[in-house]
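Everything below concerns the one structure shown next.
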Amino acid sequence: MKQQMGILTNIQKFASNDGPGIRTTVFLKGCRLNCKWCHNPEGVRHFPEVFHFWPNCINCGNCRTICPADAMTETRKAPTYPDQKGWKGKIGSKIITINKEKCLNCFQCVEVCDFDALVVSGKFMTVDEVMDEVEKDILFYNESGGGLTLSGGEPTAQPEFTMALLKAAKEKKINTALDTSGYQSWPILEKILDYTDYVLYDLKHLDRKKHINFTGVSNDLILENLEKIISRNDLTTYIRVPLLPGVNDSEENLQATGKYIQSLGLKTVYLLPAHPFAGQSYRLVGIDYPFPIGESYPEEKAKIAQTILTSYGLDVKMWIAWVEDHISDKSSLNQTDTVLTK
Ligand SMILES: C[S@@+](CC[C@H](N)C(=O)[O-])C[C@H]1O[C@@H](n2cnc3c(N)ncnc32)[C@H](O)[C@@H]1O
Ligand code: SF4
Ligand code: SF4
Ligand code: SF4
């Protein structure tokens with residue numbers, strides 16, 4: 001029988017913050033949202049694409065010569081960040097930028113780069129190939145209460161593949177978590193949830209217009225789906241609020257968020273403060289990041305958010321702290337990435 005194929009950016013082994021226990025997280029490529037802060041920018045487009053990993057670039061020009069679409073320009077100044085010590089080029093000189101509008105993703109440039117400065121993100125794999133990786137750590141799942149998490153990008157944007165993967169995991173008695181934006185039609189999402197144990201679900205912004213402005217889509221469907229999800233008693237759902245400076249951390253939005261969660265009869269919410277290193281991945285692939293890079297989300301602002309949400313009778317937890325509590329054997333944690341790039 002023909003196997004379902006999906007497109008992935010990464011398989012992360014021993015993931016410790018994507019649900020209970022020690023997990024393998026499969027990052028699917030492609031998302032119908034385009035959140036301005038997304039820490040996985042390579043996960044947004046639905047096809048393999050080339051990125052310029054500028055720290056490895058020596059500016060030899062081979063790629064520009066071969067590019068059939070004239071998609072490479074040499075206009076951007078090399079960023080002068082303190083951690084660019086490893087950069088092989090001359091600090092302050094110009095570096096290549098790939099014009100994504102012009103790029104044909106033919107990957108001829110990748111072939112002529114001898115310095116691993118051009119990387120292809122996105123690999124097609126079958127369900128069996130992914131499951132072979134996932135099953136390798138079954139002992140760790142059994143010991144820690146962990147399992148398989150599908151994230152991305154957006155796993156529900158590849159519904160058939162996602163469903164087939166979750167089903168395959170359940171057949172092997174591996175528990176499953178779905179890290180989803182919730183932006184998918186209910187009849188499809190509902191079927192995916194039949195093979196899901198844990199749902200990680202964001203409330204990114206309660207204001208419809210601002211949700212459109214920051215993510216590209218309205219929150220109507222996302223909120224409707226959440227209400228349907230929590231009415232199912234076969235799922236454990238974790239509501240998370242990513243705290244993003246100047247995006248969704250206003251008092252007004254936090255009040256609206258608290259009120260909404262309370263109206264659903266939920267008792268717990270998890271805060272996910274903006275990742276200080278989210279901008280690193282943008283910087284490495286040469287895309288501008290609209291927030292401060294390398295700055296931790298201020299503790300006092302997180303406390304204010306916590307106080308506001310608590311005033312709605314909610315138990316407010318930090319996602320990372322919760323995850324640490326749920327890992328039984330921390331000594332076996334050892335972040336290992338199987339990066340699916342060239
Ligand atoms: C990358 S998303 C993938 C799953 C799904 N598309 C979603 O949005 O929930 C996984 C989680 O990362 C969070 N996230 C994305 N960018 C972030 C950032 N810069 N700082 C903190 N959390 C971030 C999202 O809010 C979401 O909870
Ligand atoms: S990306 Fe590679 S081929 Fe292109 S200029 Fe840099 S080192 Fe040379
Ligand atoms: S992938 Fe092809 S079109 Fe795109 S920059 Fe490389 S050579 Fe040019
Ligand atoms: S929905 Fe998730 S994967 Fe998609 S852009 Fe937003 S944070 Fe990134």
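Letters for chains follow the order of the structure tokens (A, B, ...), residue numbers begin at 1 for each chain, and ligand numbers begin at 1 in the order shown.
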
Please identify every polymer residue within 7 Å of ligand 4, using only C-alpha atoms and all ligand atoms, and present the set as an NGL selection string.
:A and (31-35 or 38-41 or 43-44 or 152-154 or 180-181 or 215)

If we count only C-alpha atoms, what is near A:Phe277 at a cut-off of 8 Å, once residues fewer than 3 positions away on the same chain are taken out, given as a tab-separated table (two decimals) with C-alpha atoms, in the first residue's frame?
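That gives us around.tsv:
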```tsv
chain	number	residue	atom	x	y	z
A	280	GLN	CA	18.68	33.81	16.56
A	281	SER	CA	17.10	31.52	14.01
A	293	ILE	CA	17.02	39.56	20.15
A	294	GLY	CA	18.56	37.74	23.09
A	295	GLU	CA	16.52	39.59	25.74
```

For ligand 3, return the neighbouring residues as a PDB file with N, CA and C atoms, in the first residue's frame (distance at most 6 Å; only C-alpha atoms and all ligand atoms).
```pdb
ATOM      1  N   VAL A  50      15.625  27.031   0.489  1.00  0.00           N
ATOM      2  CA  VAL A  50      17.039  27.237   0.815  1.00  0.00           C
ATOM      3  C   VAL A  50      17.174  28.441   1.738  1.00  0.00           C
ATOM      4  N   CYS A  67      23.240  31.010  -9.910  1.00  0.00           N
ATOM      5  CA  CYS A  67      21.789  31.176  -9.692  1.00  0.00           C
ATOM      6  C   CYS A  67      21.062  31.565 -10.986  1.00  0.00           C
ATOM      7  N   PRO A  68      20.098  30.743 -11.456  1.00  0.00           N
ATOM      8  CA  PRO A  68      19.423  31.040 -12.727  1.00  0.00           C
ATOM      9  C   PRO A  68      18.359  32.140 -12.597  1.00  0.00           C
ATOM     10  N   ALA A  69      18.061  32.533 -11.368  1.00  0.00           N
ATOM     11  CA  ALA A  69      16.954  33.476 -11.182  1.00  0.00           C
ATOM     12  C   ALA A  69      17.437  34.844 -10.688  1.00  0.00           C
ATOM     13  N   ALA A  71      18.563  35.536  -7.932  1.00  0.00           N
ATOM     14  CA  ALA A  71      17.846  35.712  -6.664  1.00  0.00           C
ATOM     15  C   ALA A  71      18.776  36.075  -5.513  1.00  0.00           C
ATOM     16  N   MET A  72      20.070  36.151  -5.819  1.00  0.00           N
ATOM     17  CA  MET A  72      21.003  36.450  -4.725  1.00  0.00           C
ATOM     18  C   MET A  72      21.570  37.837  -4.880  1.00  0.00           C
ATOM     19  N   ILE A  98      19.084  36.078   0.116  1.00  0.00           N
ATOM     20  CA  ILE A  98      18.305  35.380  -0.911  1.00  0.00           C
ATOM     21  C   ILE A  98      16.964  36.093  -1.028  1.00  0.00           C
ATOM     22  N   CYS A 103      13.468  33.475  -5.745  1.00  0.00           N
ATOM     23  CA  CYS A 103      14.091  32.153  -5.642  1.00  0.00           C
ATOM     24  C   CYS A 103      13.175  31.038  -6.162  1.00  0.00           C
ATOM     25  N   LEU A 104      13.748  30.146  -6.982  1.00  0.00           N
ATOM     26  CA  LEU A 104      12.984  29.037  -7.566  1.00  0.00           C
ATOM     27  C   LEU A 104      13.135  27.759  -6.740  1.00  0.00           C
ATOM     28  N   ASN A 105      13.936  27.835  -5.681  1.00  0.00           N
ATOM     29  CA  ASN A 105      14.265  26.658  -4.870  1.00  0.00           C
ATOM     30  C   ASN A 105      14.752  25.500  -5.739  1.00  0.00           C
ATOM     31  N   CYS A 106      15.645  25.850  -6.649  1.00  0.00           N
ATOM     32  CA  CYS A 106      16.223  24.814  -7.517  1.00  0.00           C
ATOM     33  C   CYS A 106      17.431  24.154  -6.843  1.00  0.00           C
ATOM     34  N   PHE A 107      17.995  24.795  -5.855  1.00  0.00           N
ATOM     35  CA  PHE A 107      19.093  24.291  -5.017  1.00  0.00           C
ATOM     36  C   PHE A 107      20.424  24.127  -5.751  1.00  0.00           C
ATOM     37  N   GLN A 108      20.547  24.753  -6.932  1.00  0.00           N
ATOM     38  CA  GLN A 108      21.843  24.701  -7.618  1.00  0.00           C
ATOM     39  C   GLN A 108      22.920  25.398  -6.794  1.00  0.00           C
ATOM     40  N   CYS A 109      22.517  26.451  -6.079  1.00  0.00           N
ATOM     41  CA  CYS A 109      23.491  27.186  -5.250  1.00  0.00           C
ATOM     42  C   CYS A 109      24.050  26.285  -4.146  1.00  0.00           C
TER      43      CYS A 109
END
```

Compare A:Thr268, A:Ile212, A:Lys13, A:Ala256 by their minimum atom-to-atom distance to A:Lys136, counting only C-alpha atoms, and give me the closest one.
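So, comparing all the options, the nearest one is A:Lys13.
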
Test item: residues at most 10 Å from A:Asp114, only C-alpha atoms, excluding those fewer than 3 positions along its chain, as a list in words:
Asn56, Cys57, Ile58, Cys60, Asn62, Val110, Glu111, Ala117 and Leu118 of chain A

To test your reading of the structure, identify every residue in stretch 80-236 of chain A that backbone DSSP assigns to alpha helix (DSSP H), and report it as a PDB file with C-alpha atoms, in the first residue's frame.
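See selection.pdb below for the written result:
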```
ATOM      1  CA  GLN A 108      21.843  24.701  -7.618  1.00  0.00           C
ATOM      2  CA  CYS A 109      23.491  27.186  -5.250  1.00  0.00           C
ATOM      3  CA  VAL A 110      23.605  24.543  -2.518  1.00  0.00           C
ATOM      4  CA  GLU A 111      25.570  22.231  -4.812  1.00  0.00           C
ATOM      5  CA  VAL A 112      28.295  24.809  -5.460  1.00  0.00           C
ATOM      6  CA  VAL A 127       5.150   7.515   8.143  1.00  0.00           C
ATOM      7  CA  ASP A 128       7.312   4.394   8.551  1.00  0.00           C
ATOM      8  CA  GLU A 129      10.526   6.386   8.269  1.00  0.00           C
ATOM      9  CA  VAL A 130       9.407   8.813  10.968  1.00  0.00           C
ATOM     10  CA  MET A 131       8.119   6.009  13.184  1.00  0.00           C
ATOM     11  CA  ASP A 132      11.466   4.199  12.914  1.00  0.00           C
ATOM     12  CA  GLU A 133      13.037   7.242  14.610  1.00  0.00           C
ATOM     13  CA  VAL A 134      10.248   7.628  17.137  1.00  0.00           C
ATOM     14  CA  GLU A 135      10.267   3.987  18.210  1.00  0.00           C
ATOM     15  CA  ILE A 138      10.237   3.791  23.474  1.00  0.00           C
ATOM     16  CA  LEU A 139      12.024   2.815  26.713  1.00  0.00           C
ATOM     17  CA  PHE A 140      12.465   6.482  27.641  1.00  0.00           C
ATOM     18  CA  TYR A 141       8.781   7.167  26.997  1.00  0.00           C
ATOM     19  CA  ASN A 142       7.762   4.245  29.169  1.00  0.00           C
ATOM     20  CA  GLU A 143       9.985   5.371  32.041  1.00  0.00           C
ATOM     21  CA  SER A 144       9.058   9.060  31.926  1.00  0.00           C
ATOM     22  CA  PRO A 159      -3.863  16.448   8.073  1.00  0.00           C
ATOM     23  CA  GLU A 160      -3.567  13.043   6.385  1.00  0.00           C
ATOM     24  CA  PHE A 161       0.078  12.610   7.307  1.00  0.00           C
ATOM     25  CA  THR A 162      -0.476  13.861  10.849  1.00  0.00           C
ATOM     26  CA  MET A 163      -3.391  11.493  11.332  1.00  0.00           C
ATOM     27  CA  ALA A 164      -1.419   8.551   9.967  1.00  0.00           C
ATOM     28  CA  LEU A 165       1.553   9.315  12.253  1.00  0.00           C
ATOM     29  CA  LEU A 166      -0.578   9.675  15.364  1.00  0.00           C
ATOM     30  CA  LYS A 167      -2.447   6.487  14.518  1.00  0.00           C
ATOM     31  CA  ALA A 168       0.825   4.603  14.014  1.00  0.00           C
ATOM     32  CA  ALA A 169       2.075   5.828  17.405  1.00  0.00           C
ATOM     33  CA  LYS A 170      -1.136   4.777  19.159  1.00  0.00           C
ATOM     34  CA  GLU A 171      -0.850   1.324  17.576  1.00  0.00           C
ATOM     35  CA  TRP A 186     -13.447  21.110  12.762  1.00  0.00           C
ATOM     36  CA  PRO A 187     -14.340  17.958  10.789  1.00  0.00           C
ATOM     37  CA  ILE A 188     -10.645  17.478   9.980  1.00  0.00           C
ATOM     38  CA  LEU A 189      -9.337  18.469  13.402  1.00  0.00           C
ATOM     39  CA  GLU A 190     -11.846  16.205  15.078  1.00  0.00           C
ATOM     40  CA  LYS A 191     -10.502  13.164  13.232  1.00  0.00           C
ATOM     41  CA  ILE A 192      -6.907  14.069  14.135  1.00  0.00           C
ATOM     42  CA  LEU A 193      -7.916  14.365  17.782  1.00  0.00           C
ATOM     43  CA  ARG A 208      -9.859  39.519  16.402  1.00  0.00           C
ATOM     44  CA  LYS A 209      -8.303  42.407  14.462  1.00  0.00           C
ATOM     45  CA  LYS A 210      -5.021  42.231  16.319  1.00  0.00           C
ATOM     46  CA  HIS A 211      -4.951  38.462  15.811  1.00  0.00           C
ATOM     47  CA  ILE A 212      -5.247  39.077  12.073  1.00  0.00           C
ATOM     48  CA  ASN A 213      -2.605  41.759  12.206  1.00  0.00           C
ATOM     49  CA  PHE A 214      -0.062  39.631  14.096  1.00  0.00           C
ATOM     50  CA  THR A 215      -0.723  36.166  12.670  1.00  0.00           C
ATOM     51  CA  ASP A 220     -12.756  32.962  15.203  1.00  0.00           C
ATOM     52  CA  LEU A 221     -12.095  29.385  14.115  1.00  0.00           C
ATOM     53  CA  ILE A 222      -9.382  28.911  16.748  1.00  0.00           C
ATOM     54  CA  LEU A 223     -11.702  29.917  19.595  1.00  0.00           C
ATOM     55  CA  GLU A 224     -14.618  27.885  18.200  1.00  0.00           C
ATOM     56  CA  ASN A 225     -12.394  24.821  17.960  1.00  0.00           C
ATOM     57  CA  LEU A 226     -11.075  25.254  21.487  1.00  0.00           C
ATOM     58  CA  GLU A 227     -14.597  25.182  22.834  1.00  0.00           C
ATOM     59  CA  LYS A 228     -15.227  21.915  20.981  1.00  0.00           C
ATOM     60  CA  ILE A 229     -11.922  20.434  22.131  1.00  0.00           C
ATOM     61  CA  ILE A 230     -12.537  21.043  25.816  1.00  0.00           C
TER      62      ILE A 230
END
```

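Atom CA of A:Lys267 is positioned 8.6 Å from atom CA of A:Val316.
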
Please identify which residues in stretch 126-280 of chain A DSSP calls strand (DSSP E) from the backbone, and express them as a ChimeraX atom specification.
/A:126,147-152,175-180,198-202,236-243,268-273

Between atom CA of A:Gln255 and atom CA of A:Leu203, what distance in Å does the model show, to one decimal?
12.6 Å

Here is a test: counting only C-alpha atoms and all ligand atoms, which residue of A:Glu252, A:Asp70, A:Asp18, A:Asp137 is nearest to ligand 1?
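Among the listed residues, A:Asp18 lies closest to ligand 1.
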